[in-house]
Every structure is written in C-alpha cells, then in structure tokens.
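Novice: Got a structure for you, written out below as structure tokens; questions coming shortly.
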Amino acid sequence: MSDVASSAEPLVFNPFDPGFRSDPYPFYNRLREEDPGHVSPLGFHVLTRYDDCAAILKHPDVSSDQRNAADYDRWRADNPAAAAFSSRIEPRRPFLFMDPPDHTRLRGLVSKSFTPKRVEALRPRVQHLVDELVDAAIDRGSLEVVEQLAYPVPVVVICELLGVPLADHERFKGWSRSLARSLDPEIVLPPDLQKERVEAITSFHEYFLDLIARLRRDPGPDLLSALVAAEDAGDTLSEDELLGICTLLLIAGHETTVNLIGNGVLALLRHPDQWARLQADPSLARSAVEEVLRFDPPVQFDGRVAMADIELEHCSLRAGEQPLLILGAANRDPRHFDEPERFDIGRAENHHLAFGYGLHFCLGAPLARLEGQVALATLAQRLPGMRLVDEHPPYKENVVLRGLSELPVTI
Amino acid sequence: MALEVSVDADKCMGSGNCSFWAPGAFDLNDDGVAEVVDLDAVPEEKILLAAQGCPTQAITVTRDGQRLAP
Ligand code: HEM
Ligand code: SF4
C-alpha cells in the first residue's frame, strides 16, 4: 500500500515523538496493517482496527474505571502523592470513568437536559457568535483560527448552557488547559504538570462549590440549576457527584470542539477542491463535519480495562489489561471506509468512531456537531479567500487530544 | 416484511447512540429517551447497527416474529 510508511523502520509506538504528532497517520496505517495486536514497549495492547476497537467499546466485560486495572496498585505504590490526591477526589469522579449502575444514573440525569432538541434550539445563538467573530476578523483583516474562533465558540456556549457567568471564564481558562493535558497518561506527566493538575482540579471544585451555592439561592434556566434542583429533590445526586459532572462537562465542552474546528479548517484548506465544494453547497456542512471527525479526530485514543479474558481476532487480552484504542487509526480502516486516505466532505455512510460507541458514546455529540457545522459553513460563505499562512502549523503537546496550538490564515 | 422496532423506555439511558447510527429513524425526546420516528428514514442495516450498539439493549428489532436484535 502506497500510504504505508517504509517498512524498514521498526514499529515502536511513541506518541511523544514530535514527528508523530504532526502526522501520526502513516504510522497508524502500518500498525493496523502489519501488527493489529501490537504490544507497546510499556506492555499494553494497541488496537488499530475498526472491528477490534468497536468490539471493545461495546463489550460487556470492560470497565472505564482504571482502578480495575491489574497494575493500578503498582501505580499507587510508585506515585504516592498522586495516589493520595486521587483518593481524596474519588467521590467526585466524573461518570466518563464510571461503570453501571452509577454511570447510568448520573449520565441519565444529565442527558435529560442535553437532548438533541435542546441543543438544536441553540443554533441561532451559535450562528450569532460565529458571525460576530467573523465580523471581528474582517475588521482586523486577519484571523488566527484557534484563539479567535475555534476556542471562543464552544467556551461561550458551554458556559451559557451550564450557567457559568462568562465574566468568570478568564479565571478557569488556564485550569481547563492543564486538565486537558492531564487526560494524558500519568507516566508522561512531569511532576510540575502533575502539581499543576492538582491545583487546577482543586480550583475548579472550589469555583463550582461557590457557583452551586449561588444557583441554589438564585436558580436560572441553565443546566446546572436543573441539576442543583435534582440534588435538592432527593438522594439521586450528591454534591460531590455534581462537582464531578460540572468539571467533566466544562472540560469536554472546552477542549474538544476547538480541535474539531481547528482540524477542520486545516483539512479544508489543505484540500482546495473540498473547500470550493463547501462554498458552492453549504448543505454539505453536515457531512463535512463527520468527515473531519473521521479524518482527523480530536480525541485520538480511548481505553478500557478488560474485566475478563477477551479474545479478539488479532490478540488475546487478559483480565486486568488496559488496551489502548486508536480511534484515528480505526477511522481509516480500509475494511470499513472506501479510499480512507481521501478527504471527501460528501462521504456517505460515515460511521466513524470519533465520538466512541456504545455505553459512553459522547454526550456532547449533537452540540459539537452543531458548533462545527455552523463554524465551517459560515467560514466557507463569508471568508472563501482564506489561505494557510503555514502549511505545517504547530500542534499542542497533548497526546490524547489532538489539536493545533495556532492556525493563522490570511483572509 | 418490514422491520418491527421498539424502544424500551425504562431501559433506555439516553446515550444517543441510536440516533447517531440511524438518524431520522430514532430521536431522543424531551425526557432524553429514544423514540422510533421513521423507520424508512435510513436503510435497514443502519437500524440493526443502531440496535446492536445500544448500550442497554433497549432496542428490539424483529421481522416476521423473528428477533434480530438484541
Ligand atoms: C468534537 C468534539 C468532541 C469529540 C471528538 C468528543 C469525543 C468523545 C469521545 C470519544 C467520548 C467517549 C469516551 C469513552 O469512550 O470513554 C466522549 C464522551 C463524552 N463527551 Fe465528548 N466529544 C466532543 C465534544 C463534547 C462536548 C461539546 C461535550 C459536552 C458539552 C462532551 C461531553 C462528553 C461527555 C460528558 C462524555 C462522557 C460520556 C459517558 O461517559 O457516558 N463532548 N466524547
Ligand atoms: S442507543 Fe439505546 S440507550 Fe442509547 S438512546 Fe438509543 S435506545 Fe436509548
């Protein structure tokens, strides 16, 4: 296969290599085609085929709670400070890292307020925000896509949805970024970043305790007020659980959609024919967003703990193992997608795994899609002359979340 | 024979998985519970895919009395 990098080099999975960060896909392709049951130097399985990733995500014998991993106790012993902190905030664990029945109960409470209909009602608001940001770019005569468009849109929306006063936003911008970095495995976080994370989580919790108290006295139409009411109404939701939910939503709403918009603009500008197609037919925005999610997913990795021995076609997992699922590799599996290396904004039947699959399927998917569609369609209509300043813009250091640190364009 | 599809509202946890894999066929209502909207909106394979991916096995699909999912 022409897109498979030279086979002479040994296959070693090292996501921290800067070259890997700028374009991991040739390496993913090699892994998926040559070594689908790859074992990383650190000893975990790396799954890159679509069927294997989907099989794990919907498997009845997997857990999202890392405490079930066989090497969890060793990690605790080796990292006493981090372990002590983890234990302290344990009651505030977000449901992303929980299993049924707690996961079902907490997610159920939130999804009542996060229905596609409720999200679709935000469309005019999102359009207005994007238009204002594009107006400002036109006035300035320049646009840095990440900071001046991709970041502010989801931040304003999630703050309004949750009921966080926008004026407070500057305060937690930094916290949110350190937490996004902290989605990365513990072992790759230097001690100063671990410390930063502890401070960020603590600050978030203090902030939200305060906000919850305010909303309890003076509730609004927002999601957080509704959840506070649910907490007050009975024993379905504890205050600690509520804090976990707030932090999860705020971070998920902050650090993912920004990458969808950034990665999307980059892909479109690198494929001028597709960029022209979107200008000619704005109704392609829907499938264009799905194609960006497939082609360059903002969340690259997912993981589970095997709770029993699991046999996959290409590897056998033992109970307690934690396979790494590379969503960005599964999304280019030729067994599932015709011409997977082609960026085609009109692609039909695009069943990518960018939002996961099954039990933990992304709760914010309708919102992320809405924001992505409005942003890309509006740019195509109002700034059709956009061009990349740098063909190879820099990436953020995060490993799990893949996104640009800046994307300057000429307009 | 056409597919017969139902969602068990008590089991549904509102994941949105089905409305993602078979948009138009399923949608979440105001209570965050999935409902069957229009089975002709998507090809049958998609409905099966949606049902198989349901995390709580809340979607039952039958044809001629024969159960296809879960
Ligand atoms: C393009 C943007 C986004 C992408 C690519 C994305 C991706 C994902 C993925 C892959 C998962 C599954 C994790 C797993 O399997 O363990 C997930 C879960 C989740 N996402 Fe998103 N997400 C995005 C935007 C959002 C937004 C805007 C929100 C909220 C406002 C959000 C909230 C959540 C929540 C709460 C979960 C946990 C669901 C659960 O555990 O049941 N996401 N997301
Ligand atoms: S996939 Fe299942 S649990 Fe999720 S919304 Fe549909 S019916 Fe409900």
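Identifiers in this document derive from the order of the structure tokens: chains are assigned A, B, ..., residues are numbered from 1 separately in each chain, and ligands are numbered from 1 in order of occurrence.
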With only C-alpha atoms as the counted atoms, please give the residues lying no more than 8 Å from segment 381-392 of chain A, apart from itself and same-chain residues fewer than 3 positions off, as a list in words.
Specialist: Ser22, Val134, Leu266, Leu269, Arg270, Gln279, Pro282, Ala377, Thr378, Leu407, Pro408, Val409, Thr410 and Ile411 of chain A
Novice: Extract, using only C-alpha atoms, all DNA, RNA and protein residues at most 12 Å from segment 341-344 of chain A, discarding same-chain residues fewer than 6 positions from it, and format them as a PyMOL selection string.
Specialist: chain A and resi 1-4+25-26+28-29+264+266-275+277-278+284-285+287-296+328-329+331-334+350
Novice: Hey, list the chain A side of the contact with chain B: 8 Å cut-off, only C-alpha atoms, answer as a PDB file with all heavy atoms, in the first residue's frame.
Specialist:
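Below you can see selection-v9.pdb, which holds the result:
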ATOM      1  N   LYS A  58     -18.068  -1.966  22.826  1.00  0.00           N
ATOM      2  CA  LYS A  58     -19.409  -2.468  23.167  1.00  0.00           C
ATOM      3  C   LYS A  58     -19.354  -3.775  23.965  1.00  0.00           C
ATOM      4  O   LYS A  58     -20.373  -4.406  24.192  1.00  0.00           O
ATOM      5  CB  LYS A  58     -20.263  -2.616  21.906  1.00  0.00           C
ATOM      6  CG  LYS A  58     -19.829  -3.700  20.959  1.00  0.00           C
ATOM      7  CD  LYS A  58     -20.819  -3.794  19.802  1.00  0.00           C
ATOM      8  CE  LYS A  58     -20.278  -4.716  18.732  1.00  0.00           C
ATOM      9  NZ  LYS A  58     -21.008  -4.646  17.478  1.00  0.00           N
ATOM     10  N   THR A 104     -24.923   4.944  34.697  1.00  0.00           N
ATOM     11  CA  THR A 104     -26.252   5.044  34.104  1.00  0.00           C
ATOM     12  C   THR A 104     -27.078   6.119  34.805  1.00  0.00           C
ATOM     13  O   THR A 104     -27.732   6.941  34.164  1.00  0.00           O
ATOM     14  CB  THR A 104     -26.978   3.688  34.234  1.00  0.00           C
ATOM     15  OG1 THR A 104     -26.032   2.654  33.992  1.00  0.00           O
ATOM     16  CG2 THR A 104     -28.121   3.590  33.263  1.00  0.00           C
ATOM     17  N   ARG A 107     -25.344   9.769  34.159  1.00  0.00           N
ATOM     18  CA  ARG A 107     -25.478  10.201  32.770  1.00  0.00           C
ATOM     19  C   ARG A 107     -26.949  10.451  32.435  1.00  0.00           C
ATOM     20  O   ARG A 107     -27.283  11.401  31.733  1.00  0.00           O
ATOM     21  CB  ARG A 107     -24.875   9.158  31.832  1.00  0.00           C
ATOM     22  CG  ARG A 107     -25.108   9.579  30.407  1.00  0.00           C
ATOM     23  CD  ARG A 107     -24.287   8.846  29.401  1.00  0.00           C
ATOM     24  NE  ARG A 107     -24.736   9.273  28.089  1.00  0.00           N
ATOM     25  CZ  ARG A 107     -23.997   9.341  27.019  1.00  0.00           C
ATOM     26  NH1 ARG A 107     -22.733   9.002  27.084  1.00  0.00           N
ATOM     27  NH2 ARG A 107     -24.488   9.750  25.876  1.00  0.00           N
ATOM     28  N   GLY A 108     -27.814   9.598  32.978  1.00  0.00           N
ATOM     29  CA  GLY A 108     -29.251   9.764  32.742  1.00  0.00           C
ATOM     30  C   GLY A 108     -29.734  11.132  33.211  1.00  0.00           C
ATOM     31  O   GLY A 108     -30.494  11.813  32.523  1.00  0.00           O
ATOM     32  N   SER A 111     -28.416  13.702  30.680  1.00  0.00           N
ATOM     33  CA  SER A 111     -28.911  13.643  29.305  1.00  0.00           C
ATOM     34  C   SER A 111     -30.353  14.112  29.194  1.00  0.00           C
ATOM     35  O   SER A 111     -30.799  14.497  28.125  1.00  0.00           O
ATOM     36  CB  SER A 111     -28.715  12.258  28.688  1.00  0.00           C
ATOM     37  OG  SER A 111     -29.333  11.292  29.468  1.00  0.00           O
ATOM     38  N   LYS A 112     -31.064  14.142  30.311  1.00  0.00           N
ATOM     39  CA  LYS A 112     -32.404  14.722  30.285  1.00  0.00           C
ATOM     40  C   LYS A 112     -32.362  16.180  29.842  1.00  0.00           C
ATOM     41  O   LYS A 112     -33.281  16.683  29.234  1.00  0.00           O
ATOM     42  CB  LYS A 112     -33.030  14.656  31.683  1.00  0.00           C
ATOM     43  CG  LYS A 112     -33.635  13.333  32.023  1.00  0.00           C
ATOM     44  CD  LYS A 112     -34.473  13.498  33.292  1.00  0.00           C
ATOM     45  CE  LYS A 112     -35.131  12.199  33.712  1.00  0.00           C
ATOM     46  NZ  LYS A 112     -34.331  11.002  33.510  1.00  0.00           N
ATOM     47  N   SER A 113     -31.282  16.867  30.202  1.00  0.00           N
ATOM     48  CA  SER A 113     -31.183  18.284  29.872  1.00  0.00           C
ATOM     49  C   SER A 113     -30.370  18.516  28.614  1.00  0.00           C
ATOM     50  O   SER A 113     -30.182  19.633  28.186  1.00  0.00           O
ATOM     51  CB  SER A 113     -30.510  19.037  31.017  1.00  0.00           C
ATOM     52  OG  SER A 113     -31.062  18.655  32.227  1.00  0.00           O
ATOM     53  N   PHE A 114     -29.840  17.465  28.033  1.00  0.00           N
ATOM     54  CA  PHE A 114     -28.898  17.617  26.933  1.00  0.00           C
ATOM     55  C   PHE A 114     -29.443  16.970  25.680  1.00  0.00           C
ATOM     56  O   PHE A 114     -28.708  16.372  24.904  1.00  0.00           O
ATOM     57  CB  PHE A 114     -27.573  16.943  27.327  1.00  0.00           C
ATOM     58  CG  PHE A 114     -26.380  17.787  27.061  1.00  0.00           C
ATOM     59  CD1 PHE A 114     -25.818  18.552  28.064  1.00  0.00           C
ATOM     60  CD2 PHE A 114     -25.814  17.823  25.794  1.00  0.00           C
ATOM     61  CE1 PHE A 114     -24.715  19.346  27.815  1.00  0.00           C
ATOM     62  CE2 PHE A 114     -24.707  18.606  25.541  1.00  0.00           C
ATOM     63  CZ  PHE A 114     -24.162  19.374  26.550  1.00  0.00           C
ATOM     64  N   THR A 115     -30.758  17.061  25.474  1.00  0.00           N
ATOM     65  CA  THR A 115     -31.360  16.365  24.347  1.00  0.00           C
ATOM     66  C   THR A 115     -31.018  17.075  23.040  1.00  0.00           C
ATOM     67  O   THR A 115     -30.758  18.273  23.035  1.00  0.00           O
ATOM     68  CB  THR A 115     -32.889  16.338  24.492  1.00  0.00           C
ATOM     69  OG1 THR A 115     -33.338  17.687  24.546  1.00  0.00           O
ATOM     70  CG2 THR A 115     -33.309  15.627  25.752  1.00  0.00           C
ATOM     71  N   PRO A 116     -31.023  16.319  21.934  1.00  0.00           N
ATOM     72  CA  PRO A 116     -30.753  16.942  20.636  1.00  0.00           C
ATOM     73  C   PRO A 116     -31.663  18.143  20.368  1.00  0.00           C
ATOM     74  O   PRO A 116     -31.229  19.119  19.774  1.00  0.00           O
ATOM     75  CB  PRO A 116     -31.036  15.808  19.647  1.00  0.00           C
ATOM     76  CG  PRO A 116     -30.785  14.555  20.420  1.00  0.00           C
ATOM     77  CD  PRO A 116     -31.180  14.861  21.820  1.00  0.00           C
ATOM     78  N   LYS A 117     -32.900  18.068  20.829  1.00  0.00           N
ATOM     79  CA  LYS A 117     -33.821  19.191  20.585  1.00  0.00           C
ATOM     80  C   LYS A 117     -33.350  20.446  21.308  1.00  0.00           C
ATOM     81  O   LYS A 117     -33.319  21.539  20.759  1.00  0.00           O
ATOM     82  CB  LYS A 117     -35.221  18.814  21.068  1.00  0.00           C
ATOM     83  CG  LYS A 117     -36.187  18.694  19.906  1.00  0.00           C
ATOM     84  CD  LYS A 117     -37.599  18.432  20.366  1.00  0.00           C
ATOM     85  CE  LYS A 117     -38.158  17.242  19.611  1.00  0.00           C
ATOM     86  NZ  LYS A 117     -38.540  16.110  20.431  1.00  0.00           N
ATOM     87  N   ARG A 118     -32.976  20.274  22.556  1.00  0.00           N
ATOM     88  CA  ARG A 118     -32.495  21.395  23.338  1.00  0.00           C
ATOM     89  C   ARG A 118     -31.243  21.983  22.688  1.00  0.00           C
ATOM     90  O   ARG A 118     -31.049  23.200  22.643  1.00  0.00           O
ATOM     91  CB  ARG A 118     -32.226  20.902  24.770  1.00  0.00           C
ATOM     92  CG  ARG A 118     -31.421  21.776  25.660  1.00  0.00           C
ATOM     93  CD  ARG A 118     -32.200  22.709  26.589  1.00  0.00           C
ATOM     94  NE  ARG A 118     -33.239  22.157  27.416  1.00  0.00           N
ATOM     95  CZ  ARG A 118     -33.172  22.126  28.754  1.00  0.00           C
ATOM     96  NH1 ARG A 118     -32.097  22.515  29.380  1.00  0.00           N
ATOM     97  NH2 ARG A 118     -34.192  21.675  29.437  1.00  0.00           N
ATOM     98  N   HIS A 351     -19.506   6.016   9.324  1.00  0.00           N
ATOM     99  CA  HIS A 351     -19.660   5.555  10.708  1.00  0.00           C
ATOM    100  C   HIS A 351     -18.341   5.563  11.454  1.00  0.00           C
ATOM    101  O   HIS A 351     -17.835   4.529  11.883  1.00  0.00           O
ATOM    102  CB  HIS A 351     -20.261   4.148  10.722  1.00  0.00           C
ATOM    103  CG  HIS A 351     -21.691   4.139  10.323  1.00  0.00           C
ATOM    104  ND1 HIS A 351     -22.263   3.135   9.597  1.00  0.00           N
ATOM    105  CD2 HIS A 351     -22.662   5.034  10.536  1.00  0.00           C
ATOM    106  CE1 HIS A 351     -23.532   3.414   9.375  1.00  0.00           C
ATOM    107  NE2 HIS A 351     -23.800   4.572   9.945  1.00  0.00           N
ATOM    108  N   TYR A 357     -18.418   4.678  20.980  1.00  0.00           N
ATOM    109  CA  TYR A 357     -19.512   3.794  20.565  1.00  0.00           C
ATOM    110  C   TYR A 357     -20.056   3.126  21.814  1.00  0.00           C
ATOM    111  O   TYR A 357     -19.301   2.800  22.725  1.00  0.00           O
ATOM    112  CB  TYR A 357     -18.961   2.734  19.586  1.00  0.00           C
ATOM    113  CG  TYR A 357     -19.995   1.805  18.967  1.00  0.00           C
ATOM    114  CD1 TYR A 357     -21.009   2.306  18.176  1.00  0.00           C
ATOM    115  CD2 TYR A 357     -19.922   0.439  19.174  1.00  0.00           C
ATOM    116  CE1 TYR A 357     -21.944   1.460  17.597  1.00  0.00           C
ATOM    117  CE2 TYR A 357     -20.844  -0.422  18.588  1.00  0.00           C
ATOM    118  CZ  TYR A 357     -21.852   0.097  17.804  1.00  0.00           C
ATOM    119  OH  TYR A 357     -22.772  -0.750  17.229  1.00  0.00           O
ATOM    120  N   GLY A 358     -21.382   2.934  21.854  1.00  0.00           N
ATOM    121  CA  GLY A 358     -21.957   2.202  22.981  1.00  0.00           C
ATOM    122  C   GLY A 358     -22.165   3.048  24.233  1.00  0.00           C
ATOM    123  O   GLY A 358     -22.508   4.226  24.156  1.00  0.00           O
ATOM    124  N   LEU A 359     -21.913   2.429  25.357  1.00  0.00           N
ATOM    125  CA  LEU A 359     -22.248   2.981  26.671  1.00  0.00           C
ATOM    126  C   LEU A 359     -21.792   4.420  26.909  1.00  0.00           C
ATOM    127  O   LEU A 359     -22.527   5.252  27.433  1.00  0.00           O
ATOM    128  CB  LEU A 359     -21.590   2.080  27.731  1.00  0.00           C
ATOM    129  CG  LEU A 359     -22.086   2.126  29.153  1.00  0.00           C
ATOM    130  CD1 LEU A 359     -23.545   1.804  29.209  1.00  0.00           C
ATOM    131  CD2 LEU A 359     -21.301   1.129  29.989  1.00  0.00           C
ATOM    132  N   HIS A 360     -20.571   4.746  26.533  1.00  0.00           N
ATOM    133  CA  HIS A 360     -20.027   6.069  26.830  1.00  0.00           C
ATOM    134  C   HIS A 360     -20.034   6.981  25.608  1.00  0.00           C
ATOM    135  O   HIS A 360     -19.334   7.988  25.582  1.00  0.00           O
ATOM    136  CB  HIS A 360     -18.603   5.945  27.386  1.00  0.00           C
ATOM    137  CG  HIS A 360     -18.557   5.299  28.728  1.00  0.00           C
ATOM    138  ND1 HIS A 360     -18.651   6.020  29.909  1.00  0.00           N
ATOM    139  CD2 HIS A 360     -18.460   4.003  29.094  1.00  0.00           C
ATOM    140  CE1 HIS A 360     -18.591   5.192  30.934  1.00  0.00           C
ATOM    141  NE2 HIS A 360     -18.479   3.950  30.467  1.00  0.00           N
ATOM    142  N   PHE A 361     -20.840   6.611  24.615  1.00  0.00           N
ATOM    143  CA  PHE A 361     -20.935   7.434  23.412  1.00  0.00           C
ATOM    144  C   PHE A 361     -21.089   8.901  23.807  1.00  0.00           C
ATOM    145  O   PHE A 361     -21.875   9.248  24.687  1.00  0.00           O
ATOM    146  CB  PHE A 361     -22.138   6.982  22.584  1.00  0.00           C
ATOM    147  CG  PHE A 361     -22.306   7.773  21.323  1.00  0.00           C
ATOM    148  CD1 PHE A 361     -21.547   7.478  20.218  1.00  0.00           C
ATOM    149  CD2 PHE A 361     -23.200   8.837  21.262  1.00  0.00           C
ATOM    150  CE1 PHE A 361     -21.682   8.225  19.054  1.00  0.00           C
ATOM    151  CE2 PHE A 361     -23.334   9.579  20.110  1.00  0.00           C
ATOM    152  CZ  PHE A 361     -22.574   9.275  19.002  1.00  0.00           C
ATOM    153  N   CYS A 362     -20.310   9.753  23.134  1.00  0.00           N
ATOM    154  CA  CYS A 362     -20.205  11.164  23.537  1.00  0.00           C
ATOM    155  C   CYS A 362     -21.556  11.822  23.797  1.00  0.00           C
ATOM    156  O   CYS A 362     -22.409  11.910  22.916  1.00  0.00           O
ATOM    157  CB  CYS A 362     -19.461  11.960  22.479  1.00  0.00           C
ATOM    158  SG  CYS A 362     -19.333  13.711  22.898  1.00  0.00           S
ATOM    159  N   LEU A 363     -21.701  12.330  25.003  1.00  0.00           N
ATOM    160  CA  LEU A 363     -22.926  13.015  25.389  1.00  0.00           C
ATOM    161  C   LEU A 363     -23.072  14.335  24.648  1.00  0.00           C
ATOM    162  O   LEU A 363     -24.178  14.804  24.395  1.00  0.00           O
ATOM    163  CB  LEU A 363     -22.873  13.265  26.901  1.00  0.00           C
ATOM    164  CG  LEU A 363     -24.025  14.022  27.516  1.00  0.00           C
ATOM    165  CD1 LEU A 363     -25.213  13.107  27.696  1.00  0.00           C
ATOM    166  CD2 LEU A 363     -23.617  14.616  28.841  1.00  0.00           C
TER     167      LEU A 363
END
Novice: Residues within 8 Å of ligand 1 (only C-alpha atoms and all ligand atoms), as a VMD selection string?
Specialist: (chain A and resid 57 64 94 to 98 103 to 104 107 154 158 245 248 to 261 293 297 to 304 327 353 to 369 372) or (chain B and resid 15)
Novice: Taking the chain letters and numbering used in this document, name the residues of segment 181-289 of chain A that DSSP puts in helix (DSSP H, G or I), as a PyMOL selection string.
Specialist: chain A and resi 181+186-188+191-217+223-233+239-255+257-270+272-280+282-289
Novice: Go ahead and write the residues just picked, C-alpha atoms, as a PDB file, in the first residue's frame.
Specialist:
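Written output follows (result.pdb):
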ATOM      1  CA  ARG A 181      -3.203  17.904  29.267  1.00  0.00           C
ATOM      2  CA  GLU A 186       0.214   9.747  34.315  1.00  0.00           C
ATOM      3  CA  ILE A 187       3.570   8.363  33.338  1.00  0.00           C
ATOM      4  CA  VAL A 188       4.152  11.059  30.738  1.00  0.00           C
ATOM      5  CA  PRO A 191       5.981  16.318  38.324  1.00  0.00           C
ATOM      6  CA  ASP A 192       5.391  20.045  37.806  1.00  0.00           C
ATOM      7  CA  LEU A 193       2.463  19.277  35.494  1.00  0.00           C
ATOM      8  CA  GLN A 194       1.070  16.780  38.000  1.00  0.00           C
ATOM      9  CA  LYS A 195       1.189  19.535  40.580  1.00  0.00           C
ATOM     10  CA  GLU A 196      -0.473  21.950  38.175  1.00  0.00           C
ATOM     11  CA  ARG A 197      -3.226  19.442  37.665  1.00  0.00           C
ATOM     12  CA  VAL A 198      -3.865  19.048  41.370  1.00  0.00           C
ATOM     13  CA  GLU A 199      -4.134  22.819  41.665  1.00  0.00           C
ATOM     14  CA  ALA A 200      -6.423  23.040  38.637  1.00  0.00           C
ATOM     15  CA  ILE A 201      -8.825  20.388  39.887  1.00  0.00           C
ATOM     16  CA  THR A 202      -8.885  21.935  43.342  1.00  0.00           C
ATOM     17  CA  SER A 203      -9.572  25.395  41.918  1.00  0.00           C
ATOM     18  CA  PHE A 204     -12.360  24.043  39.709  1.00  0.00           C
ATOM     19  CA  HIS A 205     -14.037  22.338  42.620  1.00  0.00           C
ATOM     20  CA  GLU A 206     -13.843  25.448  44.780  1.00  0.00           C
ATOM     21  CA  TYR A 207     -15.214  27.542  41.966  1.00  0.00           C
ATOM     22  CA  PHE A 208     -18.153  25.230  41.378  1.00  0.00           C
ATOM     23  CA  LEU A 209     -18.968  24.818  45.072  1.00  0.00           C
ATOM     24  CA  ASP A 210     -19.335  28.554  45.172  1.00  0.00           C
ATOM     25  CA  LEU A 211     -21.395  28.713  41.974  1.00  0.00           C
ATOM     26  CA  ILE A 212     -23.681  25.885  43.142  1.00  0.00           C
ATOM     27  CA  ALA A 213     -24.356  27.786  46.344  1.00  0.00           C
ATOM     28  CA  ARG A 214     -25.225  30.883  44.308  1.00  0.00           C
ATOM     29  CA  LEU A 215     -27.533  28.975  41.952  1.00  0.00           C
ATOM     30  CA  ARG A 216     -29.249  27.286  44.860  1.00  0.00           C
ATOM     31  CA  ARG A 217     -30.270  30.732  46.141  1.00  0.00           C
ATOM     32  CA  LEU A 223     -28.393  23.009  33.200  1.00  0.00           C
ATOM     33  CA  LEU A 224     -26.539  23.471  36.454  1.00  0.00           C
ATOM     34  CA  SER A 225     -29.584  24.988  38.180  1.00  0.00           C
ATOM     35  CA  ALA A 226     -31.604  21.994  36.992  1.00  0.00           C
ATOM     36  CA  LEU A 227     -29.016  19.605  38.416  1.00  0.00           C
ATOM     37  CA  VAL A 228     -28.870  21.503  41.709  1.00  0.00           C
ATOM     38  CA  ALA A 229     -32.640  21.127  41.896  1.00  0.00           C
ATOM     39  CA  ALA A 230     -32.235  17.399  41.236  1.00  0.00           C
ATOM     40  CA  GLU A 231     -29.696  17.221  44.024  1.00  0.00           C
ATOM     41  CA  ASP A 232     -32.042  19.032  46.400  1.00  0.00           C
ATOM     42  CA  ALA A 233     -35.005  16.914  45.361  1.00  0.00           C
ATOM     43  CA  GLU A 239     -22.901  17.343  45.817  1.00  0.00           C
ATOM     44  CA  ASP A 240     -19.635  15.546  45.112  1.00  0.00           C
ATOM     45  CA  GLU A 241     -21.182  13.855  42.086  1.00  0.00           C
ATOM     46  CA  LEU A 242     -22.482  17.191  40.894  1.00  0.00           C
ATOM     47  CA  LEU A 243     -18.972  18.616  41.087  1.00  0.00           C
ATOM     48  CA  GLY A 244     -17.679  15.721  39.009  1.00  0.00           C
ATOM     49  CA  ILE A 245     -20.326  16.400  36.372  1.00  0.00           C
ATOM     50  CA  CYS A 246     -19.559  20.134  36.229  1.00  0.00           C
ATOM     51  CA  THR A 247     -15.865  19.564  35.733  1.00  0.00           C
ATOM     52  CA  LEU A 248     -16.472  16.889  33.107  1.00  0.00           C
ATOM     53  CA  LEU A 249     -18.874  18.996  31.062  1.00  0.00           C
ATOM     54  CA  LEU A 250     -16.773  22.094  31.239  1.00  0.00           C
ATOM     55  CA  ILE A 251     -13.619  20.364  30.100  1.00  0.00           C
ATOM     56  CA  ALA A 252     -15.321  18.201  27.495  1.00  0.00           C
ATOM     57  CA  GLY A 253     -17.031  21.323  26.189  1.00  0.00           C
ATOM     58  CA  HIS A 254     -13.808  23.376  26.187  1.00  0.00           C
ATOM     59  CA  GLU A 255     -11.052  21.272  24.801  1.00  0.00           C
ATOM     60  CA  THR A 257     -14.738  21.148  19.827  1.00  0.00           C
ATOM     61  CA  VAL A 258     -11.904  23.653  19.494  1.00  0.00           C
ATOM     62  CA  ASN A 259      -9.927  20.859  17.849  1.00  0.00           C
ATOM     63  CA  LEU A 260     -12.814  19.853  15.617  1.00  0.00           C
ATOM     64  CA  ILE A 261     -12.969  23.390  14.214  1.00  0.00           C
ATOM     65  CA  GLY A 262      -9.189  23.794  14.013  1.00  0.00           C
ATOM     66  CA  ASN A 263      -8.558  20.392  12.427  1.00  0.00           C
ATOM     67  CA  GLY A 264     -11.500  21.022  10.100  1.00  0.00           C
ATOM     68  CA  VAL A 265     -10.225  24.354   8.781  1.00  0.00           C
ATOM     69  CA  LEU A 266      -6.778  22.845   8.284  1.00  0.00           C
ATOM     70  CA  ALA A 267      -8.113  19.845   6.356  1.00  0.00           C
ATOM     71  CA  LEU A 268     -10.337  22.031   4.185  1.00  0.00           C
ATOM     72  CA  LEU A 269      -7.583  24.494   3.327  1.00  0.00           C
ATOM     73  CA  ARG A 270      -5.225  21.645   2.510  1.00  0.00           C
ATOM     74  CA  PRO A 272      -8.853  23.283  -2.011  1.00  0.00           C
ATOM     75  CA  ASP A 273     -11.256  21.212  -4.103  1.00  0.00           C
ATOM     76  CA  GLN A 274     -13.216  20.276  -0.970  1.00  0.00           C
ATOM     77  CA  TRP A 275     -13.077  23.851   0.306  1.00  0.00           C
ATOM     78  CA  ALA A 276     -14.585  25.022  -3.006  1.00  0.00           C
ATOM     79  CA  ARG A 277     -17.244  22.321  -2.753  1.00  0.00           C
ATOM     80  CA  LEU A 278     -18.365  23.544   0.657  1.00  0.00           C
ATOM     81  CA  GLN A 279     -18.564  27.117  -0.627  1.00  0.00           C
ATOM     82  CA  ALA A 280     -20.720  26.024  -3.547  1.00  0.00           C
ATOM     83  CA  PRO A 282     -23.328  24.906   2.310  1.00  0.00           C
ATOM     84  CA  SER A 283     -25.666  21.952   2.922  1.00  0.00           C
ATOM     85  CA  LEU A 284     -22.511  19.815   2.813  1.00  0.00           C
ATOM     86  CA  ALA A 285     -21.526  21.212   6.226  1.00  0.00           C
ATOM     87  CA  ARG A 286     -23.193  18.262   7.933  1.00  0.00           C
ATOM     88  CA  SER A 287     -21.237  15.557   6.139  1.00  0.00           C
ATOM     89  CA  ALA A 288     -18.125  17.750   6.117  1.00  0.00           C
ATOM     90  CA  VAL A 289     -18.077  17.764   9.919  1.00  0.00           C
TER      91      VAL A 289
END
Novice: In segment 1-69 of chain B, what's strand (DSSP E) per DSSP? Answer as a CSV table (one decimal) with C-alpha atoms, in the first residue's frame?
Specialist:
chain,number,residue,atom,x,y,z
B,4,GLU,CA,-40.7,-4.0,13.7
B,5,VAL,CA,-38.7,-1.9,16.1
B,6,SER,CA,-39.4,-0.8,19.6
B,7,VAL,CA,-37.6,1.0,22.4
B,26,PHE,CA,-34.5,7.3,16.1
B,27,ASP,CA,-34.5,10.5,18.1
B,28,LEU,CA,-34.3,11.5,21.7
B,34,ALA,CA,-35.1,7.4,22.5
B,35,GLU,CA,-38.2,7.0,20.3
B,36,VAL,CA,-38.8,5.4,16.9
B,59,ILE,CA,-34.0,-1.6,21.2
B,60,THR,CA,-35.8,-4.7,20.0
B,61,VAL,CA,-35.9,-5.5,16.3
B,62,THR,CA,-38.0,-8.3,14.8
B,63,ARG,CA,-39.1,-9.4,11.4
B,66,GLN,CA,-38.1,-13.4,14.4
B,67,ARG,CA,-35.8,-11.5,16.7
B,68,LEU,CA,-32.9,-9.8,15.0
B,69,ALA,CA,-31.7,-7.6,18.0
Novice: Give me, please, the distance in Å between atom CA of Ser63 of chain A and atom CA of Ala308 of chain A, quoted to one decimal.
Specialist: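 Going from atom CA of Ser63 of chain A over to atom CA of Ala308 of chain A covers 10.0 Å.
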Novice: Between atom CA of Val42 of chain B and atom CA of Glu349 of chain A, what distance in Å does the model show, to one decimal?
Specialist: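 Atom CA of Val42 of chain B sits 10.4 Å away from atom CA of Glu349 of chain A.
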Novice: By how many Å are atom CA of Cys315 of chain A and atom CA of Gly37 of chain A apart?
Specialist: 5.0 Å
